[in-house]
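Structure file query03.cif; described as mmCIF, C-alpha atoms and all ligand atoms.
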```cif
data_target
#
loop_
_atom_site.group_PDB
_atom_site.id
_atom_site.type_symbol
_atom_site.label_atom_id
_atom_site.label_comp_id
_atom_site.auth_asym_id
_atom_site.auth_seq_id
_atom_site.Cartn_x
_atom_site.Cartn_y
_atom_site.Cartn_z
ATOM 1 C CA MET A 142 74.803 148.775 136.094
ATOM 2 C CA LEU A 143 71.271 147.550 136.830
ATOM 3 C CA VAL A 144 71.631 143.918 137.904
ATOM 4 C CA SER A 145 68.793 141.406 137.708
ATOM 5 C CA ASN A 146 68.824 139.284 140.851
ATOM 6 C CA GLU A 147 65.194 138.793 141.800
ATOM 7 C CA TRP A 148 64.298 135.710 139.772
ATOM 8 C CA LYS A 149 63.470 132.396 141.445
ATOM 9 C CA ASP A 150 62.538 130.390 138.329
ATOM 10 C CA TYR A 151 65.525 131.558 136.290
ATOM 11 C CA GLU A 152 69.252 131.773 136.902
ATOM 12 C CA ILE A 153 72.575 131.771 135.101
ATOM 13 C CA ILE A 154 74.480 128.837 136.547
ATOM 14 C CA ASP A 155 77.828 129.356 134.807
ATOM 15 C CA CYS A 156 79.454 131.063 131.810
ATOM 16 C CA SER A 157 82.513 130.021 129.841
ATOM 17 C CA CYS A 158 84.029 130.174 126.344
ATOM 18 C CA GLY A 159 81.171 131.920 124.540
ATOM 19 C CA GLU A 160 78.356 130.013 126.265
ATOM 20 C CA LYS A 161 76.038 130.361 129.252
ATOM 21 C CA LEU A 162 74.303 127.609 131.204
ATOM 22 C CA GLU A 163 70.890 128.761 132.398
ATOM 23 C CA ARG A 164 68.132 127.227 134.489
ATOM 24 C CA TRP A 165 64.647 127.985 133.201
ATOM 25 C CA ASN A 166 62.461 126.573 135.981
ATOM 26 C CA ASN A 167 63.732 122.945 135.995
ATOM 27 C CA ILE A 168 65.114 122.939 132.432
ATOM 28 C CA TYR A 169 68.819 123.614 131.846
ATOM 29 C CA LEU A 170 69.843 125.212 128.546
ATOM 30 C CA LEU A 171 73.328 125.899 127.204
ATOM 31 C CA ARG A 172 73.298 128.842 124.765
ATOM 32 C CA PRO A 173 75.869 130.999 122.971
ATOM 33 C CA ASP A 174 76.573 134.531 124.215
ATOM 34 C CA PRO A 175 79.143 136.736 122.478
ATOM 35 C CA GLN A 176 80.009 138.657 125.669
ATOM 36 C CA ILE A 177 81.508 135.547 127.318
ATOM 37 C CA ILE A 178 85.112 135.760 126.158
ATOM 38 C CA TRP A 179 86.486 134.213 129.380
ATOM 39 C CA ASP A 180 87.294 130.566 130.159
ATOM 40 C CA ASN A 181 85.757 128.918 133.206
ATOM 41 C CA GLY A 182 86.123 125.326 132.052
ATOM 42 C CA ASN A 183 84.149 123.110 129.695
ATOM 43 C CA LEU A 184 80.506 123.537 130.739
ATOM 44 C CA LYS A 185 79.374 120.311 129.041
ATOM 45 C CA GLU A 186 81.958 118.362 131.060
ATOM 46 C CA LYS A 187 81.278 120.262 134.301
ATOM 47 C CA TYR A 188 77.480 119.734 134.305
ATOM 48 C CA ASN A 189 75.564 116.550 133.567
ATOM 49 C CA ASN A 190 72.093 118.032 133.905
ATOM 50 C CA ILE A 191 71.953 120.000 130.613
ATOM 51 C CA ASN A 192 68.694 119.461 128.706
ATOM 52 C CA ALA A 193 69.657 121.120 125.436
ATOM 53 C CA HIS A 194 72.608 122.842 123.778
ATOM 54 C CA TYR A 195 72.254 125.451 121.014
ATOM 55 C CA HIS A 196 74.994 125.227 118.396
ATOM 56 C CA ARG A 197 75.765 128.163 116.142
ATOM 57 C CA SER A 198 76.364 127.290 112.525
ATOM 58 C CA ASN A 199 79.017 129.036 110.437
ATOM 59 C CA LYS A 200 76.420 129.709 107.758
ATOM 60 C CA GLY A 201 74.244 131.728 110.167
ATOM 61 C CA GLY A 202 71.474 130.430 112.418
ATOM 62 C CA GLY A 203 72.077 127.171 114.220
ATOM 63 C CA TYR A 204 70.282 124.237 115.861
ATOM 64 C CA TRP A 205 69.328 122.784 119.236
ATOM 65 C CA GLU A 206 70.917 119.495 120.308
ATOM 66 C CA ASN A 207 68.632 117.837 122.847
ATOM 67 C CA LEU A 208 70.706 115.974 125.438
ATOM 68 C CA LYS A 209 67.783 115.044 127.679
ATOM 69 C CA GLN A 210 64.054 114.915 127.233
ATOM 70 C CA THR A 211 62.821 118.507 127.141
ATOM 71 C CA PRO A 212 59.144 119.521 127.092
ATOM 72 C CA GLU A 213 57.857 121.188 123.942
ATOM 73 C CA LYS A 214 57.025 124.223 126.068
ATOM 74 C CA TRP A 215 56.999 125.082 129.741
ATOM 75 C CA THR A 216 56.495 128.119 131.974
ATOM 76 C CA VAL A 217 58.614 130.289 134.242
ATOM 77 C CA SER A 218 57.182 132.680 136.820
ATOM 78 C CA TYR A 219 58.545 136.050 137.841
ATOM 79 C CA LYS A 220 56.747 137.353 140.941
ATOM 80 C CA ASN A 221 53.077 137.113 139.855
ATOM 81 C CA LEU A 222 53.854 137.023 136.092
ATOM 82 C CA LYS A 223 54.046 133.826 134.012
ATOM 83 C CA PHE A 224 55.798 133.293 130.698
ATOM 84 C CA ASN A 225 55.799 130.448 128.193
ATOM 85 C CA ILE A 226 59.215 129.178 127.162
ATOM 86 C CA LYS A 227 60.260 126.981 124.262
ATOM 87 C CA GLN A 228 63.359 126.244 122.201
ATOM 88 C CA MET A 229 63.256 128.500 119.139
ATOM 89 C CA GLY A 230 65.502 129.368 116.221
ATOM 90 C CA PHE A 231 68.354 131.852 116.664
ATOM 91 C CA LYS A 232 69.005 130.499 120.209
ATOM 92 C CA HIS A 233 65.833 132.183 121.450
ATOM 93 C CA THR A 234 63.580 130.927 124.249
ATOM 94 C CA GLY A 235 60.802 133.539 123.905
ATOM 95 C CA LEU A 236 61.901 135.628 126.870
ATOM 96 C CA PHE A 237 64.693 138.033 127.763
ATOM 97 C CA PRO A 238 64.971 137.415 131.519
ATOM 98 C CA GLU A 239 67.015 140.570 132.287
ATOM 99 C CA GLN A 240 63.928 142.542 131.241
ATOM 100 C CA ASN A 241 62.489 141.894 134.711
ATOM 101 C CA ILE A 242 64.387 145.080 135.612
ATOM 102 C CA ASN A 243 62.192 147.038 133.211
ATOM 103 C CA TRP A 244 58.999 145.135 134.120
ATOM 104 C CA ASP A 245 59.428 146.144 137.792
ATOM 105 C CA TYR A 246 60.136 149.746 136.782
ATOM 106 C CA MET A 247 57.070 149.969 134.508
ATOM 107 C CA ILE A 248 54.748 148.294 137.020
ATOM 108 C CA ASN A 249 55.826 150.704 139.774
ATOM 109 C CA LYS A 250 55.524 153.796 137.574
ATOM 110 C CA ILE A 251 52.073 152.776 136.304
ATOM 111 C CA LYS A 252 50.761 151.936 139.781
ATOM 112 C CA GLU A 253 52.241 155.087 141.384
ATOM 113 C CA SER A 254 50.652 157.293 138.701
ATOM 114 C CA LYS A 255 47.170 156.322 139.974
ATOM 115 C CA ARG A 256 45.681 157.120 136.555
ATOM 116 C CA ASN A 257 44.791 155.229 133.392
ATOM 117 C CA ILE A 258 48.016 154.796 131.467
ATOM 118 C CA LYS A 259 48.090 154.038 127.722
ATOM 119 C CA VAL A 260 51.271 152.175 126.741
ATOM 120 C CA LEU A 261 52.728 151.669 123.258
ATOM 121 C CA ASN A 262 55.039 148.632 123.121
ATOM 122 C CA LEU A 263 57.173 148.625 119.935
ATOM 123 C CA PHE A 264 59.210 145.599 118.718
ATOM 124 C CA ALA A 265 57.116 143.933 121.387
ATOM 125 C CA TYR A 266 58.236 140.312 120.696
ATOM 126 C CA THR A 267 56.437 137.768 122.927
ATOM 127 C CA GLY A 268 54.968 140.443 125.149
ATOM 128 C CA GLY A 269 57.022 140.416 128.358
ATOM 129 C CA ALA A 270 56.498 144.155 128.796
ATOM 130 C CA THR A 271 52.893 143.909 127.555
ATOM 131 C CA VAL A 272 52.046 141.375 130.281
ATOM 132 C CA ALA A 273 53.835 143.476 132.929
ATOM 133 C CA CYS A 274 52.022 146.716 131.992
ATOM 134 C CA LEU A 275 48.604 145.024 131.715
ATOM 135 C CA SER A 276 49.137 143.402 135.122
ATOM 136 C CA ALA A 277 49.661 146.901 136.561
ATOM 137 C CA GLY A 278 46.341 148.093 135.113
ATOM 138 C CA ALA A 279 47.544 149.932 131.981
ATOM 139 C CA SER A 280 46.116 149.483 128.481
ATOM 140 C CA VAL A 281 48.649 148.403 125.864
ATOM 141 C CA CYS A 282 49.092 148.625 122.105
ATOM 142 C CA HIS A 283 51.524 145.809 121.198
ATOM 143 C CA VAL A 284 53.305 146.114 117.823
ATOM 144 C CA ASP A 285 55.529 143.512 116.174
ATOM 145 C CA SER A 286 56.069 142.539 112.544
ATOM 146 C CA SER A 287 55.988 138.803 113.279
ATOM 147 C CA ARG A 288 52.567 137.122 113.438
ATOM 148 C CA GLY A 289 54.175 134.178 115.280
ATOM 149 C CA MET A 290 55.515 136.455 118.038
ATOM 150 C CA VAL A 291 52.142 138.176 118.411
ATOM 151 C CA ASP A 292 50.426 134.772 118.704
ATOM 152 C CA TRP A 293 52.884 133.822 121.409
ATOM 153 C CA ALA A 294 52.248 137.086 123.256
ATOM 154 C CA LYS A 295 48.541 136.144 123.214
ATOM 155 C CA GLU A 296 49.474 132.785 124.805
ATOM 156 C CA ASN A 297 51.400 134.672 127.490
ATOM 157 C CA LEU A 298 48.321 136.803 128.204
ATOM 158 C CA LYS A 299 46.266 133.603 128.561
ATOM 159 C CA SER A 300 48.758 132.167 131.051
ATOM 160 C CA ASN A 301 48.344 135.338 133.141
ATOM 161 C CA ASN A 302 44.519 135.370 132.998
ATOM 162 C CA LEU A 303 44.755 138.650 131.082
ATOM 163 C CA THR A 304 42.697 137.692 128.014
ATOM 164 C CA ASP A 305 40.070 140.312 128.883
ATOM 165 C CA ALA A 306 42.673 143.030 129.558
ATOM 166 C CA PRO A 307 42.658 146.176 127.341
ATOM 167 C CA VAL A 308 45.212 145.255 124.680
ATOM 168 C CA ARG A 309 45.474 145.886 120.943
ATOM 169 C CA PHE A 310 47.745 143.555 118.951
ATOM 170 C CA ILE A 311 49.191 144.950 115.719
ATOM 171 C CA VAL A 312 51.231 142.999 113.175
ATOM 172 C CA ASP A 313 52.993 145.761 111.254
ATOM 173 C CA ASP A 314 56.217 147.610 110.632
ATOM 174 C CA VAL A 315 56.927 149.808 113.645
ATOM 175 C CA VAL A 316 57.800 152.973 111.691
ATOM 176 C CA LYS A 317 54.755 152.638 109.428
ATOM 177 C CA PHE A 318 52.460 152.071 112.393
ATOM 178 C CA VAL A 319 53.849 155.033 114.368
ATOM 179 C CA LYS A 320 53.341 157.337 111.354
ATOM 180 C CA ARG A 321 49.758 156.086 111.024
ATOM 181 C CA GLU A 322 49.068 156.706 114.715
ATOM 182 C CA ILE A 323 50.385 160.279 114.366
ATOM 183 C CA ARG A 324 47.979 160.879 111.448
ATOM 184 C CA ARG A 325 45.103 159.463 113.507
ATOM 185 C CA GLY A 326 45.998 161.763 116.419
ATOM 186 C CA ASN A 327 46.346 158.882 118.904
ATOM 187 C CA LYS A 328 48.377 159.591 122.052
ATOM 188 C CA TYR A 329 50.209 157.414 124.592
ATOM 189 C CA ASP A 330 51.381 158.096 128.155
ATOM 190 C CA ALA A 331 54.256 155.637 127.955
ATOM 191 C CA ILE A 332 56.300 154.183 125.082
ATOM 192 C CA ILE A 333 58.595 151.161 125.252
ATOM 193 C CA MET A 334 60.822 150.015 122.426
ATOM 194 C CA ASP A 335 63.243 147.119 122.165
ATOM 195 C CA PRO A 336 64.689 147.533 118.689
ATOM 196 C CA PRO A 337 67.005 144.889 117.231
ATOM 197 C CA SER A 338 70.156 145.954 115.361
ATOM 198 C CA TYR A 339 68.542 144.833 112.122
ATOM 199 C CA GLY A 340 64.995 143.686 111.510
ATOM 200 C CA ARG A 341 62.200 143.442 108.982
ATOM 201 C CA GLY A 342 58.725 144.914 108.981
ATOM 202 C CA SER A 343 55.699 142.808 108.035
ATOM 203 C CA ASN A 344 56.146 143.817 104.364
ATOM 204 C CA ASN A 345 59.889 143.325 104.476
ATOM 205 C CA GLU A 346 60.639 146.970 105.376
ATOM 206 C CA VAL A 347 64.261 147.180 106.547
ATOM 207 C CA TRP A 348 64.986 148.255 110.127
ATOM 208 C CA ASP A 349 68.570 149.361 110.798
ATOM 209 C CA ILE A 350 69.081 150.768 114.290
ATOM 210 C CA GLU A 351 71.910 153.075 113.237
ATOM 211 C CA LYS A 352 69.910 154.623 110.396
ATOM 212 C CA ASP A 353 66.429 154.510 111.884
ATOM 213 C CA LEU A 354 66.474 154.846 115.688
ATOM 214 C CA PHE A 355 66.811 158.620 115.971
ATOM 215 C CA TYR A 356 64.068 159.111 113.387
ATOM 216 C CA LEU A 357 61.745 156.671 115.205
ATOM 217 C CA VAL A 358 62.260 158.224 118.655
ATOM 218 C CA ASN A 359 61.620 161.646 117.141
ATOM 219 C CA LEU A 360 58.351 160.368 115.619
ATOM 220 C CA CYS A 361 57.374 158.798 118.949
ATOM 221 C CA THR A 362 57.688 162.200 120.636
ATOM 222 C CA GLU A 363 54.654 163.238 118.562
ATOM 223 C CA LEU A 364 52.648 160.363 120.049
ATOM 224 C CA LEU A 365 53.195 161.323 123.691
ATOM 225 C CA SER A 366 50.224 162.638 125.676
ATOM 226 C CA ASP A 367 50.267 165.990 127.502
ATOM 227 C CA ASN A 368 51.370 164.214 130.671
ATOM 228 C CA PRO A 369 53.752 161.422 129.620
ATOM 229 C CA LEU A 370 55.049 158.964 132.193
ATOM 230 C CA PHE A 371 58.085 157.348 130.538
ATOM 231 C CA LEU A 372 59.786 156.389 127.289
ATOM 232 C CA ILE A 373 62.160 153.423 127.385
ATOM 233 C CA ILE A 374 64.666 152.341 124.749
ATOM 234 C CA ASN A 375 66.174 148.940 125.388
ATOM 235 C CA THR A 376 68.836 147.528 123.123
ATOM 236 C CA TYR A 377 71.211 144.630 122.719
ATOM 237 C CA THR A 378 73.133 146.286 119.909
ATOM 238 C CA THR A 379 76.807 145.980 120.702
ATOM 239 C CA GLY A 380 79.077 148.853 119.829
ATOM 240 C CA LEU A 381 76.679 151.642 120.823
ATOM 241 C CA SER A 382 77.514 153.399 124.095
ATOM 242 C CA LYS A 383 74.770 154.150 126.607
ATOM 243 C CA GLU A 384 75.558 157.845 126.071
ATOM 244 C CA VAL A 385 74.250 157.491 122.501
ATOM 245 C CA PHE A 386 70.774 156.769 123.878
ATOM 246 C CA THR A 387 71.015 159.589 126.417
ATOM 247 C CA ASN A 388 71.891 161.940 123.556
ATOM 248 C CA ILE A 389 68.961 160.738 121.448
ATOM 249 C CA LEU A 390 66.503 161.218 124.333
ATOM 250 C CA LYS A 391 67.951 164.684 125.085
ATOM 251 C CA MET A 392 67.555 165.710 121.439
ATOM 252 C CA THR A 393 63.981 164.418 121.105
ATOM 253 C CA VAL A 394 61.629 163.847 124.075
ATOM 254 C CA ASN A 395 63.468 166.116 126.464
ATOM 255 C CA LYS A 396 63.209 169.054 124.039
ATOM 256 C CA GLN A 397 59.431 168.974 124.398
ATOM 257 C CA TYR A 398 58.883 167.669 127.918
ATOM 258 C CA GLU A 399 60.766 168.310 131.138
ATOM 259 C CA GLY A 400 62.151 165.048 132.414
ATOM 260 C CA ASN A 401 65.046 162.974 133.726
ATOM 261 C CA ILE A 402 67.136 160.638 131.597
ATOM 262 C CA THR A 403 69.079 157.624 132.837
ATOM 263 C CA SER A 404 70.965 155.171 130.664
ATOM 264 C CA GLU A 405 72.433 152.040 132.215
ATOM 265 C CA GLU A 406 73.884 148.738 131.196
ATOM 266 C CA ILE A 407 71.733 145.870 132.414
ATOM 267 C CA GLY A 408 73.048 142.500 133.485
ATOM 268 C CA ILE A 409 72.293 139.236 135.269
ATOM 269 C CA ALA A 410 74.202 138.008 138.319
ATOM 270 C CA ILE A 411 75.967 134.679 137.726
ATOM 271 C CA LYS A 412 75.213 132.092 140.435
ATOM 272 C CA ASP A 413 77.758 131.436 143.202
ATOM 273 C CA SER A 414 80.141 134.128 141.942
ATOM 274 C CA ASP A 415 80.668 137.858 142.034
ATOM 275 C CA LEU A 416 80.342 138.018 138.226
ATOM 276 C CA VAL A 417 77.622 139.700 136.222
ATOM 277 C CA LEU A 418 76.756 138.910 132.589
ATOM 278 C CA PRO A 419 76.094 142.151 130.658
ATOM 279 C CA CYS A 420 72.858 141.961 128.654
ATOM 280 C CA GLY A 421 72.482 145.313 126.902
ATOM 281 C CA ILE A 422 71.529 148.873 127.655
ATOM 282 C CA THR A 423 68.344 150.388 128.913
ATOM 283 C CA SER A 424 67.727 154.084 128.556
ATOM 284 C CA ARG A 425 64.793 155.792 130.237
ATOM 285 C CA TRP A 426 63.222 159.192 129.964
ATOM 286 C CA GLU A 427 60.717 159.869 132.767
ATOM 287 C CA CYS A 428 58.644 162.915 133.618
ATOM 288 C CA LYS A 429 59.942 165.154 136.407
HETATM 289 C C1 LIG A 501 64.601 140.609 119.774
HETATM 290 S S1 LIG A 501 63.013 141.277 119.869
HETATM 291 C C2 LIG A 501 63.036 142.432 121.108
HETATM 292 C C3 LIG A 501 63.107 141.836 122.485
HETATM 293 C C4 LIG A 501 61.840 141.880 123.335
HETATM 294 N N1 LIG A 501 61.131 143.128 123.229
HETATM 295 C C5 LIG A 501 62.059 141.521 124.793
HETATM 296 O O1 LIG A 501 62.800 142.178 125.508
HETATM 297 O O2 LIG A 501 61.525 140.514 125.230
HETATM 298 C C6 LIG A 501 62.873 142.213 118.426
HETATM 299 C C7 LIG A 501 61.467 142.119 117.832
HETATM 300 O O3 LIG A 501 61.328 143.136 116.846
HETATM 301 C C8 LIG A 501 60.534 142.646 115.790
HETATM 302 N N2 LIG A 501 60.836 143.485 114.623
HETATM 303 C C9 LIG A 501 62.005 143.586 113.937
HETATM 304 N N3 LIG A 501 61.923 144.535 112.977
HETATM 305 C C10 LIG A 501 60.669 145.062 113.049
HETATM 306 C C11 LIG A 501 59.974 146.083 112.342
HETATM 307 N N4 LIG A 501 60.547 146.750 111.337
HETATM 308 N N5 LIG A 501 58.709 146.383 112.732
HETATM 309 C C12 LIG A 501 58.108 145.696 113.732
HETATM 310 N N6 LIG A 501 58.728 144.730 114.448
HETATM 311 C C13 LIG A 501 59.986 144.394 114.107
HETATM 312 C C14 LIG A 501 60.878 141.174 115.668
HETATM 313 O O4 LIG A 501 59.810 140.435 115.094
HETATM 314 C C15 LIG A 501 61.136 140.801 117.150
HETATM 315 O O5 LIG A 501 59.998 140.242 117.743
#
```
Please render this file's structure as structure tokens.
Ligand SMILES: C[S@@+](CC[C@H](N)C(=O)[O-])C[C@H]1O[C@@H](n2cnc3c(N)ncnc32)[C@H](O)[C@@H]1O
Amino acid sequence: MLVSNEWKDYEIIDCSCGEKLERWNNIYLLRPDPQIIWDNGNLKEKYNNINAHYHRSNKGGGYWENLKQTPEKWTVSYKNLKFNIKQMGFKHTGLFPEQNINWDYMINKIKESKRNIKVLNLFAYTGGATVACLSAGASVCHVDSSRGMVDWAKENLKSNNLTDAPVRFIVDDVVKFVKREIRRGNKYDAIIMDPPSYGRGSNNEVWDIEKDLFYLVNLCTELLSDNPLFLIINTYTTGLSKEVFTNILKMTVNKQYEGNITSEEIGIAIKDSDLVLPCGITSRWECK
């Protein structure tokens, strides 16, 4: 497992009974997490510093209960990167902190390559990976179907003084956009994708990871340059083994380019314990 343990502004304080208590800079949030099926006491009784608690509703979705005054938005830093955080629907905060594992990987690969790297970031959300790649000197095409997420990614660029960096923001369905890029003959040296289990394109196109992922990765192979650096699939979809992603990369990218494939669970160390909270799978193809 790849374990995230290099944050200073973020940590998981404790986990119990379906919930995790996290510190985001100086704000403490209690959020649901389906992996936490163990009991380590009542977190609301154990800690009196919780700013806000996200409650799941039986009808889907949920709501934030503010227990203390919480700023409308605030920032967390990871090394020299800065991200804006706020309480959002669906228990989101605008950042997946375990992705620092991938940010470090991408930054190192881009810097070590010592050439201009063109990155395609699919299902790019609020732009964690976009900021990381731009900070390493790459150019990035950032694609997400949600205008709100793209606007937030632009805010994140501002917070990192990257507004003049070479980035293209696209609000579109990922599959549609990739097909269009193939027709245009555009090429990328690195592709990152963080597909949800289910999602919607900007015109309500349905994304279903089980039906669509293999097809999308296959299409992406056609977008790779003659000298590709990496292709990363990150996913939170429970029920799919990491070997599934290895198989997909073997059957697509690795058929056309010689490379190495690694698929690992990623997780975050839980403070003052020897426990790790699993946070999904990351699968990487990289050139030999
Ligand atoms: C949960 S996020 C991925 C996590 C994020 N990349 C990270 O690690 O910080 C999934 C994103 O995919 C987008 N999305 C879902 N279906 C899509 C589609 N068909 N085309 C484009 N974007 C889509 C959503 O708007 C959302 O921002």
Per residue of chain A within 9 Å of ligand LIG 501 (chain A), record the nearest atom pair and its distance in Å to one decimal, counting all atoms listed in the file, with rows in chain order and ascending residue number, as JSON lines.
```
{"residue": "A:His233", "atom": "CA", "partner": "A:LIG501", "partner_atom": "C1", "distance": 8.7}
{"residue": "A:Gly235", "atom": "CA", "partner": "A:LIG501", "partner_atom": "O2", "distance": 7.1}
{"residue": "A:Leu236", "atom": "CA", "partner": "A:LIG501", "partner_atom": "O2", "distance": 5.2}
{"residue": "A:Phe237", "atom": "CA", "partner": "A:LIG501", "partner_atom": "O2", "distance": 4.8}
{"residue": "A:Pro238", "atom": "CA", "partner": "A:LIG501", "partner_atom": "O2", "distance": 7.8}
{"residue": "A:Glu239", "atom": "CA", "partner": "A:LIG501", "partner_atom": "O1", "distance": 8.1}
{"residue": "A:Gln240", "atom": "CA", "partner": "A:LIG501", "partner_atom": "O1", "distance": 5.9}
{"residue": "A:Asn262", "atom": "CA", "partner": "A:LIG501", "partner_atom": "N1", "distance": 8.2}
{"residue": "A:Leu263", "atom": "CA", "partner": "A:LIG501", "partner_atom": "N6", "distance": 6.9}
{"residue": "A:Phe264", "atom": "CA", "partner": "A:LIG501", "partner_atom": "O3", "distance": 3.7}
{"residue": "A:Ala265", "atom": "CA", "partner": "A:LIG501", "partner_atom": "N1", "distance": 4.5}
{"residue": "A:Tyr266", "atom": "CA", "partner": "A:LIG501", "partner_atom": "O5", "distance": 3.4}
{"residue": "A:Thr267", "atom": "CA", "partner": "A:LIG501", "partner_atom": "O2", "distance": 6.2}
{"residue": "A:Gly268", "atom": "CA", "partner": "A:LIG501", "partner_atom": "O2", "distance": 6.6}
{"residue": "A:Gly269", "atom": "CA", "partner": "A:LIG501", "partner_atom": "O2", "distance": 5.5}
{"residue": "A:Ala270", "atom": "CA", "partner": "A:LIG501", "partner_atom": "O2", "distance": 7.2}
{"residue": "A:Val284", "atom": "CA", "partner": "A:LIG501", "partner_atom": "C12", "distance": 6.3}
{"residue": "A:Asp285", "atom": "CA", "partner": "A:LIG501", "partner_atom": "N6", "distance": 3.8}
{"residue": "A:Ser286", "atom": "CA", "partner": "A:LIG501", "partner_atom": "N6", "distance": 3.9}
{"residue": "A:Ser287", "atom": "CA", "partner": "A:LIG501", "partner_atom": "O4", "distance": 4.5}
{"residue": "A:Arg288", "atom": "CA", "partner": "A:LIG501", "partner_atom": "O4", "distance": 8.1}
{"residue": "A:Gly289", "atom": "CA", "partner": "A:LIG501", "partner_atom": "O4", "distance": 8.4}
{"residue": "A:Met290", "atom": "CA", "partner": "A:LIG501", "partner_atom": "O5", "distance": 5.9}
{"residue": "A:Val291", "atom": "CA", "partner": "A:LIG501", "partner_atom": "O5", "distance": 8.2}
{"residue": "A:Val312", "atom": "CA", "partner": "A:LIG501", "partner_atom": "C12", "distance": 7.4}
{"residue": "A:Asp313", "atom": "CA", "partner": "A:LIG501", "partner_atom": "C12", "distance": 5.7}
{"residue": "A:Asp314", "atom": "CA", "partner": "A:LIG501", "partner_atom": "N5", "distance": 3.5}
{"residue": "A:Val315", "atom": "CA", "partner": "A:LIG501", "partner_atom": "N5", "distance": 4.0}
{"residue": "A:Val316", "atom": "CA", "partner": "A:LIG501", "partner_atom": "N5", "distance": 6.7}
{"residue": "A:Lys317", "atom": "CA", "partner": "A:LIG501", "partner_atom": "N5", "distance": 8.1}
{"residue": "A:Phe318", "atom": "CA", "partner": "A:LIG501", "partner_atom": "N5", "distance": 8.5}
{"residue": "A:Ile333", "atom": "CA", "partner": "A:LIG501", "partner_atom": "N1", "distance": 8.7}
{"residue": "A:Met334", "atom": "CA", "partner": "A:LIG501", "partner_atom": "N1", "distance": 6.9}
{"residue": "A:Asp335", "atom": "CA", "partner": "A:LIG501", "partner_atom": "N1", "distance": 4.6}
{"residue": "A:Pro336", "atom": "CA", "partner": "A:LIG501", "partner_atom": "C6", "distance": 5.6}
{"residue": "A:Pro337", "atom": "CA", "partner": "A:LIG501", "partner_atom": "C6", "distance": 5.1}
{"residue": "A:Ser338", "atom": "CA", "partner": "A:LIG501", "partner_atom": "C9", "distance": 8.6}
{"residue": "A:Tyr339", "atom": "CA", "partner": "A:LIG501", "partner_atom": "N3", "distance": 6.7}
{"residue": "A:Gly340", "atom": "CA", "partner": "A:LIG501", "partner_atom": "N3", "distance": 3.5}
{"residue": "A:Arg341", "atom": "CA", "partner": "A:LIG501", "partner_atom": "N3", "distance": 4.2}
{"residue": "A:Gly342", "atom": "CA", "partner": "A:LIG501", "partner_atom": "N4", "distance": 3.5}
{"residue": "A:Ser343", "atom": "CA", "partner": "A:LIG501", "partner_atom": "N5", "distance": 6.6}
{"residue": "A:Asn344", "atom": "CA", "partner": "A:LIG501", "partner_atom": "N4", "distance": 8.8}
{"residue": "A:Asn345", "atom": "CA", "partner": "A:LIG501", "partner_atom": "N4", "distance": 7.7}
{"residue": "A:Glu346", "atom": "CA", "partner": "A:LIG501", "partner_atom": "N4", "distance": 6.0}
{"residue": "A:Val347", "atom": "CA", "partner": "A:LIG501", "partner_atom": "N4", "distance": 6.1}
{"residue": "A:Trp348", "atom": "CA", "partner": "A:LIG501", "partner_atom": "N4", "distance": 4.8}
{"residue": "A:Asp349", "atom": "CA", "partner": "A:LIG501", "partner_atom": "N4", "distance": 8.5}
{"residue": "A:Asn375", "atom": "CA", "partner": "A:LIG501", "partner_atom": "O1", "distance": 7.6}
{"residue": "A:Thr376", "atom": "CA", "partner": "A:LIG501", "partner_atom": "C2", "distance": 8.0}
{"residue": "A:Tyr377", "atom": "CA", "partner": "A:LIG501", "partner_atom": "C1", "distance": 8.3}
```
Which residue of A:Thr362, A:Asn297, A:Ser424, A:Thr234 approaches Asn395 of chain A most closely, using only C-alpha atoms =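 Nearest to Asn395 of chain A: A:Thr362.
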What separation in Å, quoted to one decimal, exists between atom CA of Ile323 of chain A and atom CA of Gly421 of chain A?
->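 We find that atom CA of Ile323 of chain A and atom CA of Gly421 of chain A lie 29.5 Å from each other.
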Given the file shown, enumerate the residues that the PyMOL selection byres (((chain A and resi 143) around 9) and not hetatm) captures and present them as an NGL selection string.
-> :A and (142 or 144-145 or 242 or 405-409 or 423)
How about saving the chosen residues, C-alpha atoms kept, as a compact mmCIF listing (two decimals), in the coordinates of the input?
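Final file, again.txt:
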```
# COMPACT_ATOMS: atom_id res chain seq x y z
CA MET A 142 74.80 148.78 136.09
CA VAL A 144 71.63 143.92 137.90
CA SER A 145 68.79 141.41 137.71
CA ILE A 242 64.39 145.08 135.61
CA GLU A 405 72.43 152.04 132.22
CA GLU A 406 73.88 148.74 131.20
CA ILE A 407 71.73 145.87 132.41
CA GLY A 408 73.05 142.50 133.49
CA ILE A 409 72.29 139.24 135.27
CA THR A 423 68.34 150.39 128.91
```
Give the padded box for segment 277-286 of chain A as lines of an AutoDock Vina configuration file: axis-aligned, covering all atoms listed in the file, 3 Å on each side, centre and edge lengths in Å to one decimal.
```
center_x = 51.1
center_y = 146.2
center_z = 124.6
size_x = 16.0
size_y = 13.4
size_z = 30.0
```
Have a look at atom CA of Lys227 of chain A and atom CA of Tyr246 of chain A and let me know their distance in Å, one decimal.
->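 Separating atom CA of Lys227 of chain A from atom CA of Tyr246 of chain A is a distance of 26.0 Å.
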Got a sec: who's within 10 Å of Asn401 of chain A, counting only C-alpha atoms, leaving out chain neighbours fewer than 4 positions off, as a VMD selection string?
-> chain A and resid 371 390 to 391 395 425 to 429
